[in-house]
Amino acid sequence: MKAVMFTYSLPRIALKKIGLGGDFFLTRYRDDWPEPCIHHPNQVKVETRLGGICASDLHQMSVSVSLYASIMASPVNPIPMGHEIVGTVVETAAEVESLRPGDRVVFNPIPRCSFYGFHPCPSCRNGNYQHCFCLLGVGDDTDMENRYGGRGRFGGFCGGGFGEFVVGFEGQFHKVPDHVPDETAVLTEPYTIALHAVTRHMPRDDETVMVVGAGIIGLLTIKALRDLGSGCRIISLARYPMQAEMAARLGADEVLSERNPETLYQQVAHLTGGVLFKPILSRPVLYGNQGPDLIFDCIASESSAEDDLRLVRSNGKIVFLGLGFTVTRKVDWSLAIWKEITISGTIFSGRESHMSREIEAFDLALTKLAEHPESFAGLVSHAFPVERFREAVHCVRSKSNHRALKVVLDFRGAPHHELCNTATRRSNG
């Protein structure tokens, strides 16, 4: 099987953590990895069609993600990287009822109690599947845990999209409507992240929302706001021209691409009717109840967090979707106290509230994708065969040069030159 694997070697990870080793020091592509096999009667085997490259994959490769995330590492290794997947069912086990070979599906990488057959844990009962005990290999303290190898020997964040085949539980796969193309369906998992953030922090129509970052999560956050019916005013902070163009197309009212912090602050103050104040020996700050009411930070770097705290209005809210920082050293978090700011983090997805009813995030995402699939066109900008994984990663890391938005690995068997020409053509604008 063709696949890209992450090397779970603590010595090599430690070396990478201190800056030794190149970009691909912890990843290996081979064409002779063993195919994954079904081991339980409630599992499904899927042949990958497209696998999206997420920023978190790059963080994993560079070991720049928080060490907290290590508690969610899968005890089953090696498995291919990649969790943004659209594929075709090729095999189902005896207890599978809702899927059959030939079904086109997308993948939920977060396992939970119901997928295993456990009684729901407190998080699952509350619809917070992203915090299910099963991620840490903890079931319901019954003999059923032994079915999966015993406590601590199952669970973990699931992947496999950088390989030709994926095995998961029946509940992890969701059917894709026939009229939704692969290039739209592969956006389902990142779209659930945006929907999760927006449904749990829905702005009023009279509020001003600033979306920081116009990578795929930032763009899908703008899309989610509009798809869920929000009439709020949206200000998008987009670094590159192609991001700015897409942000406007998806529903942003204003798009700012200024890189000079002082000028950017002035622009935000002007657009929101705020007033900039200059503390002694510190950067300017918007103070009082004028300015952005809500900020969705889809970068969450140290610099973006510092900007958020200074630009959100007093008594406003900041929601972090990004994972650009771990332990901060330069952010003045006292601003959250002085300005009485509400700060929230959001990760993955769960059971969401929409239109006075509760709905699974993946069901909500597929419903919205199916309503107007053409409105997602162009978000997948580049496709590479898995053999050219390194080129795909370089494309993601050089967004501006390639005009890249979402980059995917394509397993559909298209001619090599066709994919190559497509990537080249798009990278040339």
# chains A, B, ... in the order shown; residues from 1 in each chain; ligands from 1

$ residues_around --residues "Lys45 in chain A" --least-positions-apart "4" --cutoff "12 Å" --atoms "only C-alpha atoms" --output "ChimeraX atom specification"
/A:35-41,87-93,96,99-105,107,160,164-170,172-173

$ closest_residue --among "A:Val380, A:Arg12, A:Phe277, A:Pro284" --to "Leu220 in chain A" --atoms "only C-alpha atoms"
A:Val380

$ select_by_dssp --residues "range 277-386 of chain A" --states "strand (DSSP E)" --output "PyMOL selection string"
chain A and resi 277+285-286+294-297+317-320+342-345+351-354+357-360+380-384

$ closest_residue --among "A:Lys175, A:Arg147, A:Arg329, A:Arg226" --to "Val198 in chain A" --atoms "only C-alpha atoms"
A:Arg226
